[in-house]
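Peer 1: File protein_22.tsv below, TSV, C-alpha atoms and all ligand atoms:
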chain	number	residue	atom	x	y	z
A	13	MET	CA	-1.85	84.20	10.92
A	14	ASP	CA	-3.24	83.02	14.24
A	15	LYS	CA	-6.32	80.83	14.25
A	16	VAL	CA	-9.72	82.30	15.03
A	17	PRO	CA	-10.27	81.93	18.81
A	18	TYR	CA	-13.71	80.38	18.50
A	19	LEU	CA	-15.45	78.16	21.05
A	20	LEU	CA	-17.02	75.03	19.55
A	21	LYS	CA	-19.32	72.66	21.44
A	22	ARG	CA	-20.85	69.46	20.07
A	23	ASN	CA	-23.86	67.57	21.51
A	24	VAL	CA	-25.12	70.74	23.12
A	25	PHE	CA	-28.75	69.89	23.96
A	26	SER	CA	-30.49	66.80	25.32
A	27	TYR	CA	-32.74	64.77	23.04
A	28	TYR	CA	-35.80	66.24	24.75
A	29	ASN	CA	-34.62	69.84	24.27
A	30	GLN	CA	-33.73	69.14	20.63
A	31	GLU	CA	-37.35	68.00	20.11
A	32	LEU	CA	-38.58	71.32	21.55
A	33	ILE	CA	-36.19	73.18	19.26
A	34	PHE	CA	-37.15	71.24	16.13
A	35	ASN	CA	-40.85	71.80	16.81
A	36	GLU	CA	-40.26	75.54	16.93
A	37	LEU	CA	-37.96	75.47	13.88
A	38	ARG	CA	-40.55	73.61	11.78
A	39	PHE	CA	-43.11	76.29	12.63
A	40	LEU	CA	-40.64	79.12	11.96
A	41	LYS	CA	-39.69	77.59	8.60
A	42	SER	CA	-43.28	78.02	7.41
A	43	ILE	CA	-43.08	81.82	7.86
A	44	MET	CA	-39.44	82.47	6.89
A	45	ARG	CA	-38.67	85.02	4.20
A	46	GLY	CA	-35.85	85.70	1.75
A	47	PRO	CA	-32.51	87.38	2.49
A	48	GLU	CA	-33.78	90.85	1.60
A	49	PHE	CA	-35.89	90.71	4.81
A	50	THR	CA	-33.24	89.30	7.17
A	51	ASP	CA	-30.46	91.88	7.15
A	52	SER	CA	-28.04	90.03	4.90
A	53	ALA	CA	-24.43	91.18	4.74
A	54	THR	CA	-23.80	92.91	1.40
A	55	ILE	CA	-20.89	93.97	-0.76
A	56	ASP	CA	-21.60	96.78	-3.25
A	57	ASN	CA	-25.32	96.28	-2.49
A	58	LYS	CA	-25.08	92.63	-3.55
A	59	ILE	CA	-26.78	90.28	-1.07
A	60	LEU	CA	-24.27	87.66	0.05
A	61	LYS	CA	-26.57	84.90	1.19
A	62	SER	CA	-29.08	82.53	-0.33
A	63	ASN	CA	-31.37	81.15	2.38
A	64	LYS	CA	-34.57	81.94	4.24
A	65	GLY	CA	-34.92	83.29	7.74
A	66	ILE	CA	-36.88	85.13	10.40
A	67	PHE	CA	-35.83	87.48	13.19
A	68	PHE	CA	-37.38	86.61	16.53
A	69	HIS	CA	-38.06	90.28	17.35
A	70	HIS	CA	-40.26	90.42	14.23
A	71	LEU	CA	-42.35	87.56	15.58
A	72	TYR	CA	-42.42	87.46	19.37
A	73	ASN	CA	-43.27	90.30	21.78
A	74	ASN	CA	-41.59	88.50	24.63
A	75	PRO	CA	-39.37	85.76	23.19
A	76	SER	CA	-37.63	84.99	26.47
A	77	LYS	CA	-41.02	83.80	27.72
A	78	PHE	CA	-42.50	82.17	24.62
A	79	SER	CA	-39.60	80.78	22.59
A	80	PRO	CA	-37.85	77.56	23.70
A	81	ILE	CA	-35.06	78.33	21.21
A	82	TRP	CA	-34.43	81.76	22.71
A	83	LYS	CA	-34.43	80.41	26.25
A	84	LEU	CA	-32.31	77.30	25.61
A	85	CYS	CA	-29.75	78.98	23.35
A	86	SER	CA	-29.30	82.11	25.45
A	87	ASP	CA	-28.86	79.96	28.58
A	88	LYS	CA	-26.19	77.93	26.78
A	89	ILE	CA	-24.34	81.10	25.73
A	90	LYS	CA	-24.43	82.45	29.30
A	91	LYS	CA	-22.89	79.22	30.57
A	92	SER	CA	-20.15	79.35	27.91
A	93	ILE	CA	-19.14	83.02	28.14
A	94	VAL	CA	-16.21	82.48	30.50
A	95	GLU	CA	-14.81	79.62	28.43
A	96	TYR	CA	-15.10	81.73	25.25
A	97	ARG	CA	-13.45	84.72	26.97
A	98	GLU	CA	-10.48	82.62	28.03
A	99	LYS	CA	-9.75	81.43	24.47
A	100	HIS	CA	-7.91	84.66	23.64
A	101	MET	CA	-7.29	88.07	25.20
A	102	THR	CA	-9.26	89.76	22.40
A	103	ASN	CA	-12.35	87.72	23.32
A	104	ARG	CA	-12.62	89.72	26.54
A	105	ASN	CA	-14.79	92.28	24.77
A	106	ILE	CA	-17.58	89.70	25.20
A	107	MET	CA	-17.90	91.09	28.74
A	108	THR	CA	-19.35	94.33	27.30
A	109	ILE	CA	-22.41	92.75	25.68
A	110	ASN	CA	-25.79	93.94	26.90
A	111	ASN	CA	-28.07	93.11	23.98
A	112	MET	CA	-28.71	90.41	21.42
A	113	TRP	CA	-30.80	89.50	18.41
A	114	VAL	CA	-31.86	86.02	17.30
A	115	LEU	CA	-32.36	84.86	13.72
A	116	ALA	CA	-33.48	81.39	12.61
A	117	SER	CA	-32.39	80.40	9.09
A	118	TYR	CA	-33.04	77.49	6.78
A	119	TYR	CA	-30.85	76.45	3.85
A	120	GLU	CA	-32.20	74.45	0.93
A	121	LYS	CA	-30.16	72.58	-1.66
A	122	GLY	CA	-27.63	74.95	-3.25
A	123	ASP	CA	-27.98	77.66	-0.57
A	124	TYR	CA	-24.87	79.38	0.87
A	125	TYR	CA	-23.56	82.49	2.64
A	126	LEU	CA	-20.55	84.17	1.04
A	127	PRO	CA	-17.68	85.41	3.27
A	128	HIS	CA	-18.49	88.50	5.35
A	129	ARG	CA	-17.98	90.01	8.80
A	130	ASP	CA	-20.80	90.54	11.31
A	131	GLN	CA	-21.73	93.85	12.93
A	132	THR	CA	-21.64	92.36	16.42
A	133	ILE	CA	-19.15	91.90	19.26
A	134	ALA	CA	-19.40	88.14	18.77
A	135	THR	CA	-21.78	85.77	17.04
A	136	ALA	CA	-23.13	82.44	18.30
A	137	LEU	CA	-24.41	79.83	15.86
A	138	PHE	CA	-26.48	76.77	16.77
A	139	TRP	CA	-26.90	74.05	14.15
A	140	PHE	CA	-29.78	71.62	13.78
A	141	ASN	CA	-30.52	69.16	11.00
A	142	GLU	CA	-32.65	66.05	10.79
A	143	GLU	CA	-31.10	64.63	7.62
A	144	GLU	CA	-27.46	64.14	6.67
A	145	PHE	CA	-25.94	66.16	3.81
A	146	ASP	CA	-22.59	67.45	2.56
A	147	GLY	CA	-21.63	71.11	2.67
A	148	GLY	CA	-23.13	73.82	4.83
A	149	ASP	CA	-19.84	74.00	6.72
A	150	LEU	CA	-18.63	77.23	8.33
A	151	THR	CA	-15.51	78.71	6.81
A	152	PHE	CA	-13.15	81.23	8.42
A	153	ASP	CA	-11.70	82.84	5.37
A	154	ASP	CA	-8.84	84.88	6.88
A	155	THR	CA	-7.29	81.72	8.31
A	156	ASN	CA	-8.49	79.02	5.88
A	157	GLU	CA	-10.26	77.09	8.62
A	158	THR	CA	-13.41	75.03	8.15
A	159	VAL	CA	-15.73	73.89	10.91
A	160	LYS	CA	-17.90	70.95	9.94
A	161	TYR	CA	-21.64	71.46	10.16
A	162	GLU	CA	-23.09	68.91	12.59
A	163	ASN	CA	-26.44	68.67	14.27
A	164	ASN	CA	-26.66	69.96	17.85
A	165	SER	CA	-23.49	72.09	17.75
A	166	MET	CA	-22.76	75.59	19.02
A	167	ILE	CA	-19.96	77.89	17.95
A	168	ILE	CA	-19.18	81.37	19.29
A	169	PHE	CA	-16.70	83.49	17.33
A	170	PRO	CA	-15.51	87.12	17.29
A	171	SER	CA	-17.06	89.47	14.77
A	172	TRP	CA	-13.71	90.43	13.22
A	173	ALA	CA	-13.44	86.90	11.80
A	174	LYS	CA	-14.49	86.79	8.16
A	175	HIS	CA	-16.78	83.80	7.74
A	176	GLY	CA	-19.18	82.13	5.35
A	177	VAL	CA	-21.22	78.98	4.73
A	178	ASN	CA	-20.31	76.76	1.82
A	179	LYS	CA	-23.01	75.42	-0.46
A	180	VAL	CA	-25.31	72.75	0.93
A	181	SER	CA	-25.92	69.63	-1.13
A	182	HIS	CA	-29.38	68.93	0.25
A	183	GLU	CA	-32.14	70.82	2.02
A	184	GLY	CA	-32.39	70.68	5.79
A	185	ARG	CA	-29.75	72.99	7.22
A	186	TYR	CA	-31.18	74.94	10.13
A	187	CYS	CA	-29.11	77.59	11.87
A	188	VAL	CA	-29.98	79.77	14.84
A	189	THR	CA	-27.78	82.86	14.80
A	190	ILE	CA	-27.45	85.04	17.89
A	191	GLY	CA	-25.80	88.41	17.48
A	192	LEU	CA	-24.16	89.55	20.74
A	193	LEU	CA	-24.02	93.34	20.95
A	194	ALA	CA	-22.97	96.24	23.12
A	195	THR	CA	-25.47	99.05	22.67
A	196	ASN	CA	-26.19	102.36	24.39
A	197	LYS	CA	-29.38	102.08	26.38
B	1	FE	FE	-22.37	86.19	9.68
Any chance you could put this one into structure tokens?

Peer 2:
Amino acid sequence: MDKVPYLLKRNVFSYYNQELIFNELRFLKSIMRGPEFTDSATIDNKILKSNKGIFFHHLYNNPSKFSPIWKLCSDKIKKSIVEYREKHMTNRNIMTINNMWVLASYYEKGDYYLPHRDQTIATALFWFNEEEFDGGDLTFDDTNETVKYENNSMIIFPSWAKHGVNKVSHEGRYCVTIGLLATNK
């Protein structure tokens, strides 16, 4: 089988912007809730993830104005859209997106996300951690690929790609997930 035509970027944000992001993440962590409140993928009604999270639209009235994470991450996606599109012909459906949601998640020791597919056109993940740990890597399960979790990375991948997060060995795995959608307005 072909490989998943994902776009991976390391060292995405400057030190200063990472500080802004970590400040917001630390605040968000204090109000995150369990997977039953954050739209977890399920199989036979079984929740597939163990982590905590919060949707930005549950918190901010105008996140593009008040959230550094929203602003910085959505700007980075906009700048990367053409490069993602050119990875594979099937990535061209990214040009239809007109909507997005943002979810911040935090994984503690032993947390994971079992393999699933997203209900999006494409999904962007941004990774942030302050301490080193093993695990928490992204797996693409149709193609047996693994992408190592590293601070200050971004990956955009198509929603048809089955993916998961392997178990983390230590607390401290932050992830900002942005679902890229095409919706009727
Ligand atoms: Fe997912």

Peer 1: Select, from A:Lys64, A:Arg97, A:His175, A:His70, the residue with the minimum atom-to-atom distance to ligand FE 1 (chain B), counting only C-alpha atoms and all ligand atoms.

Peer 2: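 Smallest distance to ligand FE 1 (chain B) is found for A:His175.
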
Peer 1: Taking 5 positions as the minimum chain separation for residues in the same chain, which residues sit within 12 Å of Leu115 (chain A) when counting all atoms listed in the file? Answer as a ChimeraX atom specification.

Peer 2: /A:37,40-41,44-45,47,49-52,63-72,75,81-82,85,135-138,186-192

Peer 1: Here is a test: counting all atoms listed in the file, which residue of A:Glu162, A:Glu48, A:Glu142, A:Asp153 is nearest to Lys61 (chain A)?

Peer 2: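 So, comparing all the options, the nearest one is A:Glu48.
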
Peer 1: Within 7 Å of ligand FE 1 (chain B) (counting all atoms listed in the file), which residues show up? I'd like them as a PyMOL selection string.

Peer 2: chain A and resi 128-130+175-176

Peer 1: May I ask for the distance between CA of Asp14 (chain A) and CA of Thr158 (chain A), given in Å to one decimal place?

Peer 2: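 If I compute the distance from CA of Asp14 (chain A) to CA of Thr158 (chain A), I get 14.3 Å.
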
Peer 1: Enclose region 133-148 of chain A, meaning all of its atoms listed in the file, in a box aligned along x, y and z, pad it by 8 Å on each side, and list the centre and edge lengths in Å to one decimal, as lines of an AutoDock Vina configuration file.

Peer 2:
center_x = -25.9
center_y = 78.0
center_z = 10.9
size_x = 29.5
size_y = 43.8
size_z = 32.7

Peer 1: Quick one: everything within 9 Å of Ile89 (chain A), counting only C-alpha atoms, minus sequence neighbours fewer than 3 positions away in the same chain. Send it as a list in words.

Peer 2: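 Returned residues: Leu84, Cys85, Ser86, Ser92, Ile93, Ala136, Met166 and Ile168 of chain A.
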
Peer 1: Hey, can you spit out that residue selection with C-alpha atoms as a PDB file, keeping the file's coordinate frame?

Peer 2:
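Contents of the output file selection-v9.pdb:
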ATOM      1  CA  LEU A  84     -32.310  77.300  25.610  1.00  0.00           C
ATOM      2  CA  CYS A  85     -29.750  78.980  23.350  1.00  0.00           C
ATOM      3  CA  SER A  86     -29.300  82.110  25.450  1.00  0.00           C
ATOM      4  CA  SER A  92     -20.150  79.350  27.910  1.00  0.00           C
ATOM      5  CA  ILE A  93     -19.140  83.020  28.140  1.00  0.00           C
ATOM      6  CA  ALA A 136     -23.130  82.440  18.300  1.00  0.00           C
ATOM      7  CA  MET A 166     -22.760  75.590  19.020  1.00  0.00           C
ATOM      8  CA  ILE A 168     -19.180  81.370  19.290  1.00  0.00           C
TER       9      ILE A 168
END

Peer 1: Could you tell me how far CA of Glu31 (chain A) lies from CA of Ala116 (chain A), in Å and to one decimal?

Peer 2: 15.8 Å

Peer 1: What's around Met107 (chain A) at 9 Å? Count all atoms listed in the file, leave out sequence neighbours fewer than 2 positions away in its own chain, and write the answer as a PyMOL selection string.

Peer 2: chain A and resi 93-94+97+103-105+109-110

Peer 1: What's the separation between CA of Ala173 (chain A) and CA of Asp154 (chain A), in Å to one decimal place?

Peer 2: 7.0 Å

Peer 1: Please output region 160-195 of chain A, rebuilt to include N, CA and C atoms, as a short mmCIF file (atom, residue, chain, number, x, y, z; two decimals), keeping the file's coordinate frame.

Peer 2:
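Below you can see out-v3.cif, which holds the result:
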data_model
loop_
_atom_site.label_atom_id
_atom_site.label_comp_id
_atom_site.auth_asym_id
_atom_site.auth_seq_id
_atom_site.Cartn_x
_atom_site.Cartn_y
_atom_site.Cartn_z
N LYS A 160 -16.88 71.80 10.54
CA LYS A 160 -17.90 70.95 9.94
C LYS A 160 -19.26 71.19 10.57
N TYR A 161 -20.25 71.32 9.69
CA TYR A 161 -21.64 71.46 10.16
C TYR A 161 -22.10 70.13 10.72
N GLU A 162 -22.57 70.14 11.95
CA GLU A 162 -23.09 68.91 12.59
C GLU A 162 -24.27 69.28 13.45
N ASN A 163 -25.27 68.43 13.42
CA ASN A 163 -26.44 68.67 14.27
C ASN A 163 -26.03 68.87 15.73
N ASN A 164 -26.78 69.79 16.40
CA ASN A 164 -26.66 69.96 17.85
C ASN A 164 -25.29 70.51 18.25
N SER A 165 -24.76 71.43 17.45
CA SER A 165 -23.49 72.09 17.75
C SER A 165 -23.73 73.56 18.07
N MET A 166 -22.77 74.14 18.79
CA MET A 166 -22.76 75.59 19.02
C MET A 166 -21.36 76.10 18.76
N ILE A 167 -21.26 77.23 18.09
CA ILE A 167 -19.96 77.89 17.95
C ILE A 167 -20.14 79.37 18.25
N ILE A 168 -19.21 79.92 19.03
CA ILE A 168 -19.18 81.37 19.29
C ILE A 168 -17.85 81.88 18.72
N PHE A 169 -17.92 82.95 17.93
CA PHE A 169 -16.70 83.49 17.33
C PHE A 169 -16.74 85.02 17.31
N PRO A 170 -15.56 85.64 17.27
CA PRO A 170 -15.51 87.12 17.29
C PRO A 170 -15.90 87.70 15.94
N SER A 171 -16.49 88.89 15.99
CA SER A 171 -17.06 89.47 14.77
C SER A 171 -15.99 89.89 13.76
N TRP A 172 -14.74 90.04 14.19
CA TRP A 172 -13.71 90.43 13.22
C TRP A 172 -13.40 89.27 12.26
N ALA A 173 -13.79 88.07 12.62
CA ALA A 173 -13.44 86.90 11.80
C ALA A 173 -14.35 86.82 10.57
N LYS A 174 -13.72 86.92 9.41
CA LYS A 174 -14.49 86.79 8.16
C LYS A 174 -14.95 85.35 8.05
N HIS A 175 -16.24 85.15 7.73
CA HIS A 175 -16.78 83.80 7.74
C HIS A 175 -17.87 83.65 6.68
N GLY A 176 -18.13 82.41 6.32
CA GLY A 176 -19.18 82.13 5.35
C GLY A 176 -19.67 80.70 5.53
N VAL A 177 -20.66 80.35 4.71
CA VAL A 177 -21.22 78.98 4.73
C VAL A 177 -21.10 78.43 3.32
N ASN A 178 -20.41 77.29 3.18
CA ASN A 178 -20.31 76.76 1.82
C ASN A 178 -21.61 76.05 1.42
N LYS A 179 -21.75 75.88 0.11
CA LYS A 179 -23.01 75.42 -0.46
C LYS A 179 -23.48 74.10 0.13
N VAL A 180 -24.77 74.02 0.42
CA VAL A 180 -25.31 72.75 0.93
C VAL A 180 -25.78 71.89 -0.24
N SER A 181 -25.61 70.57 -0.05
CA SER A 181 -25.92 69.63 -1.13
C SER A 181 -27.36 69.15 -1.07
N HIS A 182 -28.06 69.50 0.01
CA HIS A 182 -29.38 68.93 0.25
C HIS A 182 -30.11 69.87 1.18
N GLU A 183 -31.42 69.95 1.09
CA GLU A 183 -32.14 70.82 2.02
C GLU A 183 -32.04 70.30 3.44
N GLY A 184 -32.31 71.16 4.41
CA GLY A 184 -32.39 70.68 5.79
C GLY A 184 -31.42 71.32 6.75
N ARG A 185 -30.71 72.37 6.31
CA ARG A 185 -29.75 72.99 7.22
C ARG A 185 -30.41 74.13 7.99
N TYR A 186 -30.69 73.88 9.27
CA TYR A 186 -31.18 74.94 10.13
C TYR A 186 -30.01 75.56 10.88
N CYS A 187 -30.10 76.88 11.06
CA CYS A 187 -29.11 77.59 11.87
C CYS A 187 -29.82 78.65 12.71
N VAL A 188 -29.53 78.67 14.00
CA VAL A 188 -29.98 79.77 14.84
C VAL A 188 -28.77 80.66 15.09
N THR A 189 -28.87 81.91 14.65
CA THR A 189 -27.78 82.86 14.80
C THR A 189 -28.13 83.85 15.90
N ILE A 190 -27.22 84.06 16.82
CA ILE A 190 -27.45 85.04 17.89
C ILE A 190 -26.34 86.07 17.82
N GLY A 191 -26.75 87.30 17.52
CA GLY A 191 -25.80 88.41 17.48
C GLY A 191 -25.66 88.98 18.89
N LEU A 192 -24.44 89.06 19.39
CA LEU A 192 -24.16 89.55 20.74
C LEU A 192 -23.60 90.96 20.62
N LEU A 193 -24.28 91.92 21.22
CA LEU A 193 -24.02 93.34 20.95
C LEU A 193 -23.75 94.12 22.23
N ALA A 194 -23.07 95.25 22.05
CA ALA A 194 -22.97 96.24 23.12
C ALA A 194 -23.62 97.51 22.58
N THR A 195 -24.76 97.89 23.18
CA THR A 195 -25.47 99.05 22.67
C THR A 195 -25.71 100.06 23.78
#
